[in-house]
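Chemist: My questions will all concern the structure given below.
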Amino acid sequence: MGLLSKKDSKLILDPLTDDNPVTIQVLGICSALAITAQLKPSIVMAISVIFVLGVGNVVISLMRNIIPSKIRIIVQLIVVATLVIIVDQVLKAFAYSLSKELSVFIGLIITNCIIMGRFEAFALGNGPWKSFLDGIGNALGYGVILIIVGFFRELFGSGTLFGLKVLGDSVEKTGLYALGYENNGFMVLPPMALIVVGIIIWVQRSRNKELIED
């Protein structure tokens with residue numbers, strides 16, 4: 001028998017495809033707009049959310065039988081805020097320039113609808129292991145979309161990936177620029193993130209007609 005049962009596997013795999021928190025549930029859109037102009041911040045934000053949601057789900061699950069229902073939202077906020085502070089301090093210690101670039105958006109993980117939603121909808125009613133898998137699955141689903149959006153926005157908006165020139169030099173007109181290619185400045189603007197997410201949603205629904213609402 002494998003490490004994961006079929007039901008456990010679905011907790012991780014479903015959010016990556018047909019139950020994606022961004023493209024299907026339409027949650028966590030704000031950070032997708034704000035920090036995906038470059039690939040590196042997108043990856044760091046994805047890793048941060050994986051840590052916060054994975055660990056947070058386990059903590060809430062372990063406490064689920066002792067949390068009074070009237071203050072459960074406050075307890076959830078305290079848990080997620082503590083984890084976000086840990087992430088913020090680690091970034092400041094080991095990646096200070098990236099921490100400054102992400103600035104307030106790391107703190108806004110606290111208000112991410114995906115995290116609070118999984119605490120409320122899953123972790124409060126399931127054991128630690130299933131809650132961990134659910135947290136990792138939904139965070140991966142969120143992270144994949146961020147990375148895809150960040151990849152295309154940086155590539156077509158700046159001609160770079162991770163800050164490295166991959167299409168040539170736009171000043172010296174080498175690579176694709178020698179053929180007349182120009183960077184699309186609109187790609188680095190926040191509205192383009194929404195358009196890229198919209199294209200992903202369209203592709204996803206084109207491949208699976210069951211996702212199309214009546």
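We name chains A, B, ... following the order of the structure tokens; residues begin at 1 in each chain, and ligands are numbered from 1 as shown.
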Which polymer residues have any atom within 12 Å of an atom of A:Ile74, counting only C-alpha atoms, with same-chain residues fewer than 6 positions away left out, as a list in words?

Modeler: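 Close residues of A:Ile74: Ile60, Ile67, Pro68, Val80, Ala81, Ile110, Met116, Phe119 and Glu120 of chain A.
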
Chemist: Just to be explicit: take each residue in the selection above, keep N, CA and C atoms, and write the result as a PDB file, in the first residue's frame.

Modeler:
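Output (selection_3.pdb):
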ATOM      1  N   ILE A  60      -4.563  24.073  13.633  1.00  0.00           N
ATOM      2  CA  ILE A  60      -6.004  24.235  13.852  1.00  0.00           C
ATOM      3  C   ILE A  60      -6.679  22.887  14.062  1.00  0.00           C
ATOM      4  N   ILE A  67     -11.225  24.591  20.834  1.00  0.00           N
ATOM      5  CA  ILE A  67     -11.494  25.984  20.453  1.00  0.00           C
ATOM      6  C   ILE A  67     -12.981  26.280  20.615  1.00  0.00           C
ATOM      7  N   PRO A  68     -13.364  27.215  21.467  1.00  0.00           N
ATOM      8  CA  PRO A  68     -14.775  27.617  21.568  1.00  0.00           C
ATOM      9  C   PRO A  68     -15.252  28.195  20.236  1.00  0.00           C
ATOM     10  N   VAL A  80      -2.502  32.015  12.092  1.00  0.00           N
ATOM     11  CA  VAL A  80      -1.952  32.407  10.790  1.00  0.00           C
ATOM     12  C   VAL A  80      -1.025  33.616  10.937  1.00  0.00           C
ATOM     13  N   ALA A  81      -1.356  34.545  11.833  1.00  0.00           N
ATOM     14  CA  ALA A  81      -0.495  35.713  12.039  1.00  0.00           C
ATOM     15  C   ALA A  81       0.866  35.294  12.586  1.00  0.00           C
ATOM     16  N   ILE A 110      -2.114  36.914   5.920  1.00  0.00           N
ATOM     17  CA  ILE A 110      -3.041  36.736   7.045  1.00  0.00           C
ATOM     18  C   ILE A 110      -4.493  36.801   6.579  1.00  0.00           C
ATOM     19  N   MET A 116      -7.899  31.140   5.423  1.00  0.00           N
ATOM     20  CA  MET A 116      -9.002  31.155   6.381  1.00  0.00           C
ATOM     21  C   MET A 116     -10.105  30.188   5.962  1.00  0.00           C
ATOM     22  N   PHE A 119      -9.006  26.609   6.896  1.00  0.00           N
ATOM     23  CA  PHE A 119      -9.113  26.445   8.352  1.00  0.00           C
ATOM     24  C   PHE A 119     -10.558  26.137   8.720  1.00  0.00           C
ATOM     25  N   GLU A 120     -11.459  26.964   8.210  1.00  0.00           N
ATOM     26  CA  GLU A 120     -12.865  26.897   8.585  1.00  0.00           C
ATOM     27  C   GLU A 120     -13.561  25.673   7.981  1.00  0.00           C
TER      28      GLU A 120
END

Chemist: I need the residues in stretch 35-180 of chain A that are alpha helix (DSSP H) according to DSSP; give them as a VMD selection string.

Modeler: chain A and resid 39 to 63 72 to 94 96 to 102 104 to 107 113 to 121 128 to 158

Chemist: So that I can check the surroundings of A:Leu62, please list as a PyMOL selection string every protein, DNA and RNA residue that reaches within 12 Å of it, counting only C-alpha atoms and ignoring chain neighbours fewer than 2 positions away.

Modeler: chain A and resi 55-60+64-67+79+119+123-132

Chemist: Using only C-alpha atoms, what does the table of stretch 71-147 of chain A residues within 8 Å of stretch 35-43 of chain A look like, with each row giving the shortest atom pair and its distance in Å to one decimal, sorted by chain and ascending number, as a Markdown table?

Modeler:
| residue | atom | partner | partner_atom | distance |
| --- | --- | --- | --- | --- |
| A:Leu98 | CA | A:Pro41 | CA | 7.1 |
| A:Glu101 | CA | A:Pro41 | CA | 7.8 |
| A:Leu102 | CA | A:Pro41 | CA | 6.8 |
| A:Phe105 | CA | A:Ile35 | CA | 7.8 |
| A:Gly143 | CA | A:Ile43 | CA | 7.2 |
| A:Leu146 | CA | A:Ser42 | CA | 5.6 |
| A:Ile147 | CA | A:Ser42 | CA | 5.5 |

Chemist: For stretch 158-173 of chain A, list every protein, DNA or RNA residue within 9 Å, evaluated using only C-alpha atoms, and leave out those in the same chain fewer than 5 positions away; present the list as a PDB file with all heavy atoms, in the first residue's frame.

Modeler:
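part-v4.pdb was written with the following content:
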ATOM      1  N   ALA A  37       4.563  40.225 -11.210  1.00  0.00           N
ATOM      2  CA  ALA A  37       5.244  40.883 -12.326  1.00  0.00           C
ATOM      3  C   ALA A  37       6.591  40.227 -12.591  1.00  0.00           C
ATOM      4  O   ALA A  37       7.141  40.338 -13.684  1.00  0.00           O
ATOM      5  CB  ALA A  37       5.428  42.371 -12.041  1.00  0.00           C
ATOM      6  N   GLN A  38       7.128  39.542 -11.569  1.00  0.00           N
ATOM      7  CA  GLN A  38       8.383  38.806 -11.724  1.00  0.00           C
ATOM      8  C   GLN A  38       8.219  37.398 -11.156  1.00  0.00           C
ATOM      9  O   GLN A  38       7.396  37.167 -10.270  1.00  0.00           O
ATOM     10  CB  GLN A  38       9.526  39.530 -11.017  1.00  0.00           C
ATOM     11  CG  GLN A  38       9.894  40.860 -11.668  1.00  0.00           C
ATOM     12  CD  GLN A  38      11.091  41.506 -10.995  1.00  0.00           C
ATOM     13  OE1 GLN A  38      11.202  41.485  -9.768  1.00  0.00           O
ATOM     14  NE2 GLN A  38      11.963  42.077 -11.785  1.00  0.00           N
ATOM     15  N   LEU A  39       9.034  36.484 -11.662  1.00  0.00           N
ATOM     16  CA  LEU A  39       8.899  35.080 -11.279  1.00  0.00           C
ATOM     17  C   LEU A  39       9.391  34.812  -9.856  1.00  0.00           C
ATOM     18  O   LEU A  39       8.770  34.048  -9.120  1.00  0.00           O
ATOM     19  CB  LEU A  39       9.658  34.206 -12.284  1.00  0.00           C
ATOM     20  CG  LEU A  39       9.521  32.683 -12.136  1.00  0.00           C
ATOM     21  CD1 LEU A  39       8.058  32.257 -12.162  1.00  0.00           C
ATOM     22  CD2 LEU A  39      10.296  31.985 -13.252  1.00  0.00           C
ATOM     23  N   LYS A  40      10.508  35.439  -9.459  1.00  0.00           N
ATOM     24  CA  LYS A  40      11.087  35.143  -8.150  1.00  0.00           C
ATOM     25  C   LYS A  40      10.134  35.471  -7.002  1.00  0.00           C
ATOM     26  O   LYS A  40       9.910  34.620  -6.128  1.00  0.00           O
ATOM     27  CB  LYS A  40      12.416  35.884  -7.969  1.00  0.00           C
ATOM     28  CG  LYS A  40      13.150  35.494  -6.677  1.00  0.00           C
ATOM     29  CD  LYS A  40      14.412  36.324  -6.461  1.00  0.00           C
ATOM     30  CE  LYS A  40      15.465  35.998  -7.474  1.00  0.00           C
ATOM     31  NZ  LYS A  40      16.734  36.715  -7.186  1.00  0.00           N
ATOM     32  N   PHE A 151       5.652  33.760 -14.562  1.00  0.00           N
ATOM     33  CA  PHE A 151       6.513  33.345 -15.678  1.00  0.00           C
ATOM     34  C   PHE A 151       6.191  34.141 -16.936  1.00  0.00           C
ATOM     35  O   PHE A 151       7.081  34.735 -17.565  1.00  0.00           O
ATOM     36  CB  PHE A 151       6.329  31.847 -15.930  1.00  0.00           C
ATOM     37  CG  PHE A 151       7.056  31.325 -17.141  1.00  0.00           C
ATOM     38  CD1 PHE A 151       8.370  30.913 -17.038  1.00  0.00           C
ATOM     39  CD2 PHE A 151       6.427  31.251 -18.379  1.00  0.00           C
ATOM     40  CE1 PHE A 151       9.057  30.430 -18.147  1.00  0.00           C
ATOM     41  CE2 PHE A 151       7.104  30.779 -19.487  1.00  0.00           C
ATOM     42  CZ  PHE A 151       8.418  30.356 -19.377  1.00  0.00           C
ATOM     43  N   ARG A 153       4.326  36.905 -17.294  1.00  0.00           N
ATOM     44  CA  ARG A 153       4.400  38.361 -17.146  1.00  0.00           C
ATOM     45  C   ARG A 153       5.846  38.852 -17.215  1.00  0.00           C
ATOM     46  O   ARG A 153       6.126  39.861 -17.865  1.00  0.00           O
ATOM     47  CB  ARG A 153       3.750  38.801 -15.829  1.00  0.00           C
ATOM     48  CG  ARG A 153       2.239  38.677 -15.819  1.00  0.00           C
ATOM     49  CD  ARG A 153       1.648  39.248 -14.541  1.00  0.00           C
ATOM     50  NE  ARG A 153       1.795  40.680 -14.479  1.00  0.00           N
ATOM     51  CZ  ARG A 153       1.655  41.409 -13.382  1.00  0.00           C
ATOM     52  NH1 ARG A 153       1.396  40.799 -12.230  1.00  0.00           N
ATOM     53  NH2 ARG A 153       1.782  42.714 -13.412  1.00  0.00           N
ATOM     54  N   ALA A 178      16.591  41.465 -32.222  1.00  0.00           N
ATOM     55  CA  ALA A 178      17.185  41.714 -33.537  1.00  0.00           C
ATOM     56  C   ALA A 178      16.175  41.473 -34.653  1.00  0.00           C
ATOM     57  O   ALA A 178      16.328  41.995 -35.764  1.00  0.00           O
ATOM     58  CB  ALA A 178      18.402  40.817 -33.734  1.00  0.00           C
ATOM     59  N   LEU A 179      15.122  40.700 -34.334  1.00  0.00           N
ATOM     60  CA  LEU A 179      14.086  40.406 -35.328  1.00  0.00           C
ATOM     61  C   LEU A 179      12.920  41.390 -35.252  1.00  0.00           C
ATOM     62  O   LEU A 179      11.926  41.230 -35.950  1.00  0.00           O
ATOM     63  CB  LEU A 179      13.569  38.981 -35.117  1.00  0.00           C
ATOM     64  CG  LEU A 179      14.616  37.860 -35.184  1.00  0.00           C
ATOM     65  CD1 LEU A 179      13.979  36.523 -34.867  1.00  0.00           C
ATOM     66  CD2 LEU A 179      15.272  37.829 -36.554  1.00  0.00           C
ATOM     67  N   GLY A 180      13.046  42.373 -34.352  1.00  0.00           N
ATOM     68  CA  GLY A 180      12.000  43.385 -34.227  1.00  0.00           C
ATOM     69  C   GLY A 180      11.083  43.192 -33.038  1.00  0.00           C
ATOM     70  O   GLY A 180      10.128  43.956 -32.849  1.00  0.00           O
ATOM     71  N   TYR A 181      11.356  42.173 -32.229  1.00  0.00           N
ATOM     72  CA  TYR A 181      10.518  41.940 -31.048  1.00  0.00           C
ATOM     73  C   TYR A 181      10.712  43.053 -30.022  1.00  0.00           C
ATOM     74  O   TYR A 181      11.819  43.556 -29.826  1.00  0.00           O
ATOM     75  CB  TYR A 181      10.859  40.595 -30.415  1.00  0.00           C
ATOM     76  CG  TYR A 181      10.106  40.324 -29.124  1.00  0.00           C
ATOM     77  CD1 TYR A 181       8.801  39.852 -29.148  1.00  0.00           C
ATOM     78  CD2 TYR A 181      10.705  40.557 -27.891  1.00  0.00           C
ATOM     79  CE1 TYR A 181       8.104  39.606 -27.982  1.00  0.00           C
ATOM     80  CE2 TYR A 181      10.017  40.313 -26.707  1.00  0.00           C
ATOM     81  CZ  TYR A 181       8.715  39.840 -26.758  1.00  0.00           C
ATOM     82  OH  TYR A 181       8.028  39.613 -25.590  1.00  0.00           O
ATOM     83  N   GLU A 182       9.627  43.454 -29.362  1.00  0.00           N
ATOM     84  CA  GLU A 182       9.683  44.448 -28.290  1.00  0.00           C
ATOM     85  C   GLU A 182       8.920  43.915 -27.078  1.00  0.00           C
ATOM     86  O   GLU A 182       7.925  43.195 -27.234  1.00  0.00           O
ATOM     87  CB  GLU A 182       9.063  45.787 -28.734  1.00  0.00           C
ATOM     88  CG  GLU A 182       9.819  46.494 -29.846  1.00  0.00           C
ATOM     89  CD  GLU A 182      11.182  47.017 -29.403  1.00  0.00           C
ATOM     90  OE1 GLU A 182      11.368  47.184 -28.173  1.00  0.00           O
ATOM     91  OE2 GLU A 182      12.045  47.227 -30.269  1.00  0.00           O
ATOM     92  N   ASN A 183       9.412  44.262 -25.888  1.00  0.00           N
ATOM     93  CA  ASN A 183       8.711  43.854 -24.669  1.00  0.00           C
ATOM     94  C   ASN A 183       7.331  44.495 -24.612  1.00  0.00           C
ATOM     95  O   ASN A 183       7.145  45.638 -25.041  1.00  0.00           O
ATOM     96  CB  ASN A 183       9.515  44.273 -23.437  1.00  0.00           C
ATOM     97  CG  ASN A 183      10.810  43.510 -23.302  1.00  0.00           C
ATOM     98  OD1 ASN A 183      10.887  42.361 -23.692  1.00  0.00           O
ATOM     99  ND2 ASN A 183      11.826  44.154 -22.746  1.00  0.00           N
ATOM    100  N   ASN A 184       6.394  43.742 -24.059  1.00  0.00           N
ATOM    101  CA  ASN A 184       5.032  44.253 -23.884  1.00  0.00           C
ATOM    102  C   ASN A 184       4.932  44.886 -22.502  1.00  0.00           C
ATOM    103  O   ASN A 184       4.789  44.190 -21.498  1.00  0.00           O
ATOM    104  CB  ASN A 184       4.025  43.106 -24.031  1.00  0.00           C
ATOM    105  CG  ASN A 184       2.589  43.594 -23.993  1.00  0.00           C
ATOM    106  OD1 ASN A 184       2.304  44.725 -23.588  1.00  0.00           O
ATOM    107  ND2 ASN A 184       1.666  42.742 -24.405  1.00  0.00           N
ATOM    108  N   GLY A 185       5.014  46.200 -22.448  1.00  0.00           N
ATOM    109  CA  GLY A 185       4.990  46.910 -21.172  1.00  0.00           C
ATOM    110  C   GLY A 185       3.718  46.684 -20.373  1.00  0.00           C
ATOM    111  O   GLY A 185       3.730  46.787 -19.143  1.00  0.00           O
ATOM    112  N   MET A 187       2.340  43.940 -19.787  1.00  0.00           N
ATOM    113  CA  MET A 187       2.421  42.698 -19.013  1.00  0.00           C
ATOM    114  C   MET A 187       2.878  42.926 -17.576  1.00  0.00           C
ATOM    115  O   MET A 187       2.587  42.110 -16.701  1.00  0.00           O
ATOM    116  CB  MET A 187       3.375  41.710 -19.703  1.00  0.00           C
ATOM    117  CG  MET A 187       2.833  41.130 -20.987  1.00  0.00           C
ATOM    118  SD  MET A 187       1.327  40.141 -20.773  1.00  0.00           S
ATOM    119  CE  MET A 187       1.970  38.700 -19.921  1.00  0.00           C
ATOM    120  N   VAL A 188       3.602  43.999 -17.327  1.00  0.00           N
ATOM    121  CA  VAL A 188       4.084  44.240 -15.962  1.00  0.00           C
ATOM    122  C   VAL A 188       3.083  45.044 -15.139  1.00  0.00           C
ATOM    123  O   VAL A 188       3.308  45.298 -13.956  1.00  0.00           O
ATOM    124  CB  VAL A 188       5.464  44.963 -15.973  1.00  0.00           C
ATOM    125  CG1 VAL A 188       6.507  44.094 -16.646  1.00  0.00           C
ATOM    126  CG2 VAL A 188       5.372  46.324 -16.648  1.00  0.00           C
TER     127      VAL A 188
END

Chemist: Could you pull the residues within 10 Å of A:Ile24, counting only C-alpha atoms, minus those fewer than 2 positions along the same chain, as a JSON list (two decimals) with all heavy atoms, in the first residue's frame?

Modeler:
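Contents of selection24.json, as written:
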[["chain", "number", "residue", "atom", "x", "y", "z"],
["A", 15, "PRO", "N", -6.88, 20.23, -5.92],
["A", 15, "PRO", "CA", -6.65, 21.68, -5.99],
["A", 15, "PRO", "C", -5.67, 22.09, -7.09],
["A", 15, "PRO", "O", -5.60, 23.28, -7.45],
["A", 15, "PRO", "CB", -6.07, 22.00, -4.60],
["A", 15, "PRO", "CG", -6.53, 20.91, -3.72],
["A", 15, "PRO", "CD", -6.53, 19.69, -4.59],
["A", 17, "THR", "N", -5.90, 20.93, -10.11],
["A", 17, "THR", "CA", -6.58, 20.85, -11.40],
["A", 17, "THR", "C", -8.02, 21.39, -11.31],
["A", 17, "THR", "O", -8.24, 22.58, -11.45],
["A", 17, "THR", "CB", -6.59, 19.40, -11.91],
["A", 17, "THR", "OG1", -7.13, 18.54, -10.88],
["A", 17, "THR", "CG2", -5.18, 18.92, -12.23],
["A", 18, "ASP", "N", -8.96, 20.48, -11.09],
["A", 18, "ASP", "CA", -10.38, 20.83, -11.23],
["A", 18, "ASP", "C", -11.00, 21.47, -10.00],
["A", 18, "ASP", "O", -12.20, 21.74, -9.99],
["A", 18, "ASP", "CB", -11.18, 19.57, -11.60],
["A", 18, "ASP", "CG", -10.77, 19.04, -12.97],
["A", 18, "ASP", "OD1", -10.18, 19.82, -13.74],
["A", 18, "ASP", "OD2", -11.04, 17.86, -13.25],
["A", 19, "ASP", "N", -10.24, 21.68, -8.94],
["A", 19, "ASP", "CA", -10.77, 22.38, -7.77],
["A", 19, "ASP", "C", -9.74, 23.43, -7.31],
["A", 19, "ASP", "O", -9.54, 23.63, -6.11],
["A", 19, "ASP", "CB", -11.08, 21.40, -6.64],
["A", 19, "ASP", "CG", -11.95, 22.03, -5.55],
["A", 19, "ASP", "OD1", -12.67, 23.00, -5.86],
["A", 19, "ASP", "OD2", -11.90, 21.57, -4.39],
["A", 20, "ASN", "N", -9.11, 24.06, -8.29],
["A", 20, "ASN", "CA", -8.05, 25.03, -7.97],
["A", 20, "ASN", "C", -8.62, 26.22, -7.20],
["A", 20, "ASN", "O", -9.66, 26.76, -7.58],
["A", 20, "ASN", "CB", -7.38, 25.52, -9.26],
["A", 20, "ASN", "CG", -6.16, 26.38, -8.98],
["A", 20, "ASN", "OD1", -6.28, 27.56, -8.74],
["A", 20, "ASN", "ND2", -5.00, 25.76, -9.01],
["A", 21, "PRO", "N", -7.98, 26.63, -6.11],
["A", 21, "PRO", "CA", -8.53, 27.72, -5.30],
["A", 21, "PRO", "C", -8.57, 29.06, -6.01],
["A", 21, "PRO", "O", -9.40, 29.92, -5.68],
["A", 21, "PRO", "CB", -7.59, 27.78, -4.09],
["A", 21, "PRO", "CG", -6.34, 27.10, -4.52],
["A", 21, "PRO", "CD", -6.76, 26.06, -5.51],
["A", 22, "VAL", "N", -7.70, 29.27, -7.01],
["A", 22, "VAL", "CA", -7.68, 30.55, -7.72],
["A", 22, "VAL", "C", -8.62, 30.52, -8.92],
["A", 22, "VAL", "O", -9.48, 31.38, -9.09],
["A", 22, "VAL", "CB", -6.25, 30.91, -8.17],
["A", 22, "VAL", "CG1", -6.26, 32.23, -8.96],
["A", 22, "VAL", "CG2", -5.33, 31.03, -6.97],
["A", 26, "VAL", "N", -11.96, 30.99, -7.18],
["A", 26, "VAL", "CA", -11.71, 32.44, -7.33],
["A", 26, "VAL", "C", -11.34, 33.07, -5.98],
["A", 26, "VAL", "O", -11.95, 34.04, -5.54],
["A", 26, "VAL", "CB", -12.91, 33.16, -7.98],
["A", 26, "VAL", "CG1", -12.46, 34.54, -8.51],
["A", 26, "VAL", "CG2", -13.51, 32.36, -9.11],
["A", 27, "LEU", "N", -10.34, 32.50, -5.33],
["A", 27, "LEU", "CA", -9.82, 33.03, -4.08],
["A", 27, "LEU", "C", -8.35, 33.40, -4.25],
["A", 27, "LEU", "O", -7.68, 32.87, -5.13],
["A", 27, "LEU", "CB", -9.95, 31.98, -2.97],
["A", 27, "LEU", "CG", -11.36, 31.47, -2.64],
["A", 27, "LEU", "CD1", -11.29, 30.31, -1.65],
["A", 27, "LEU", "CD2", -12.22, 32.60, -2.09],
["A", 201, "ILE", "N", -8.16, 30.28, -16.79],
["A", 201, "ILE", "CA", -9.51, 29.80, -16.50],
["A", 201, "ILE", "C", -10.19, 29.33, -17.78],
["A", 201, "ILE", "O", -10.85, 28.27, -17.80],
["A", 201, "ILE", "CB", -10.34, 30.91, -15.82],
["A", 201, "ILE", "CG1", -9.79, 31.20, -14.42],
["A", 201, "ILE", "CG2", -11.82, 30.52, -15.74],
["A", 201, "ILE", "CD1", -10.43, 32.39, -13.74],
["A", 204, "GLN", "N", -8.69, 26.03, -18.88],
["A", 204, "GLN", "CA", -9.11, 24.97, -17.97],
["A", 204, "GLN", "C", -10.54, 24.52, -18.27],
["A", 204, "GLN", "O", -10.84, 23.32, -18.30],
["A", 204, "GLN", "CB", -8.99, 25.46, -16.53],
["A", 204, "GLN", "CG", -9.06, 24.38, -15.47],
["A", 204, "GLN", "CD", -8.74, 24.91, -14.09],
["A", 204, "GLN", "OE1", -8.90, 26.09, -13.80],
["A", 204, "GLN", "NE2", -8.28, 24.04, -13.22],
["A", 205, "ARG", "N", -11.41, 25.48, -18.48],
["A", 205, "ARG", "CA", -12.81, 25.15, -18.77],
["A", 205, "ARG", "C", -12.99, 24.58, -20.18],
["A", 205, "ARG", "O", -13.92, 23.82, -20.43],
["A", 205, "ARG", "CB", -13.70, 26.38, -18.57],
["A", 205, "ARG", "CG", -14.00, 26.63, -17.09],
["A", 205, "ARG", "CD", -14.51, 28.03, -16.84],
["A", 205, "ARG", "NE", -15.04, 28.20, -15.50],
["A", 205, "ARG", "CZ", -14.31, 28.25, -14.39],
["A", 205, "ARG", "NH1", -12.99, 28.14, -14.48],
["A", 205, "ARG", "NH2", -14.86, 28.41, -13.21],
["A", 211, "LEU", "N", -16.69, 22.03, -15.79],
["A", 211, "LEU", "CA", -16.39, 23.19, -14.96],
["A", 211, "LEU", "C", -17.17, 24.43, -15.39],
["A", 211, "LEU", "O", -17.19, 25.43, -14.67],
["A", 211, "LEU", "CB", -14.88, 23.51, -15.02],
["A", 211, "LEU", "CG", -13.95, 22.42, -14.47],
["A", 211, "LEU", "CD1", -12.50, 22.82, -14.70],
["A", 211, "LEU", "CD2", -14.22, 22.16, -12.99],
["A", 212, "ILE", "N", -17.82, 24.36, -16.55],
["A", 212, "ILE", "CA", -18.56, 25.51, -17.06],
["A", 212, "ILE", "C", -19.89, 25.61, -16.33],
["A", 212, "ILE", "O", -20.69, 24.68, -16.34],
["A", 212, "ILE", "CB", -18.79, 25.40, -18.58],
["A", 212, "ILE", "CG1", -17.45, 25.32, -19.32],
["A", 212, "ILE", "CG2", -19.61, 26.57, -19.09],
["A", 212, "ILE", "CD1", -17.57, 25.10, -20.80]]

Chemist: From the list A:Gln25, A:Ser99, A:Asn112, A:Ser9, which residue is nearest A:Asp134 when using only C-alpha atoms?

Modeler: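 Using only C-alpha atoms, A:Asp134 sits closest to A:Ser9.
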
Chemist: Just want the 12 Å neighbourhood of A:Trp202, counted on only C-alpha atoms, with same-chain residues fewer than 5 positions away dropped. Output as a ChimeraX atom specification.

Modeler: /A:23-24,195-197,207-209,211-212

Chemist: Write down as a list in words the residues belonging to stretch 49-192 of chain A that are assigned strand (DSSP E or B) by DSSP computed on the backbone.

Modeler: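 Residues meeting the strand (DSSP E or B) criterion: Thr160, Leu161, Leu164 and Lys165 of chain A.
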
Chemist: For A:Val52, which residue among A:Ile200, A:Leu33, A:Cys113, A:Ile86 is the nearest when counting only C-alpha atoms?

Modeler: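 Closest to A:Val52, using only C-alpha atoms: A:Ile86.
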
Chemist: Calculate how many Å separate atom CA of A:Thr111 from atom CA of A:Asp8, rounding to one decimal.

Modeler: 26.9 Å

Chemist: I need the residue nearest A:Ile145 from this list: A:Ile85, A:Phe122, A:Ala193, A:Phe94. Use only C-alpha atoms for the distance.

Modeler: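 The answer is A:Ala193, which sits nearest to A:Ile145.
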
Chemist: So that I can check the surroundings of A:Val87, please list as a list in words every protein, DNA and RNA residue that reaches within 10 Å of it, counting only C-alpha atoms and ignoring chain neighbours fewer than 2 positions away.

Modeler: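 Listed by chain and then number, they are Met45, Ile47, Ser48, Val49, Phe51, Val52, Ala81, Thr82, Leu83, Val84, Ile85, Gln89, Val90, Leu91, Lys92, Ala93, Ser99, Ile106 and Gly107 of chain A.
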
Chemist: Dump C-alpha atoms for the selected residues as a PDB file, in the first residue's frame?

Modeler:
ATOM      1  CA  MET A  45       5.025  33.890  -2.119  1.00  0.00           C
ATOM      2  CA  ILE A  47       6.489  28.761  -0.786  1.00  0.00           C
ATOM      3  CA  SER A  48       5.374  31.091   2.009  1.00  0.00           C
ATOM      4  CA  VAL A  49       1.726  30.146   1.561  1.00  0.00           C
ATOM      5  CA  PHE A  51       4.322  26.747   4.792  1.00  0.00           C
ATOM      6  CA  VAL A  52       1.596  28.860   6.393  1.00  0.00           C
ATOM      7  CA  ALA A  81      -0.495  35.713  12.039  1.00  0.00           C
ATOM      8  CA  THR A  82       2.136  33.829  14.061  1.00  0.00           C
ATOM      9  CA  LEU A  83       3.150  31.755  11.039  1.00  0.00           C
ATOM     10  CA  VAL A  84       3.266  34.822   8.792  1.00  0.00           C
ATOM     11  CA  ILE A  85       5.534  36.606  11.279  1.00  0.00           C
ATOM     12  CA  GLN A  89      11.419  37.237   9.853  1.00  0.00           C
ATOM     13  CA  VAL A  90      13.056  34.416   7.881  1.00  0.00           C
ATOM     14  CA  LEU A  91      12.837  36.466   4.682  1.00  0.00           C
ATOM     15  CA  LYS A  92      14.312  39.518   6.397  1.00  0.00           C
ATOM     16  CA  ALA A  93      17.164  37.391   7.753  1.00  0.00           C
ATOM     17  CA  SER A  99      11.522  40.845   1.665  1.00  0.00           C
ATOM     18  CA  ILE A 106       3.706  38.915   3.010  1.00  0.00           C
ATOM     19  CA  GLY A 107       1.691  40.415   5.887  1.00  0.00           C
TER      20      GLY A 107
END

Chemist: Quick one, how far is atom CA of A:Ser31 from atom CA of A:Lys10?

Modeler: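 Distance reported for this atom pair: 25.5 Å.
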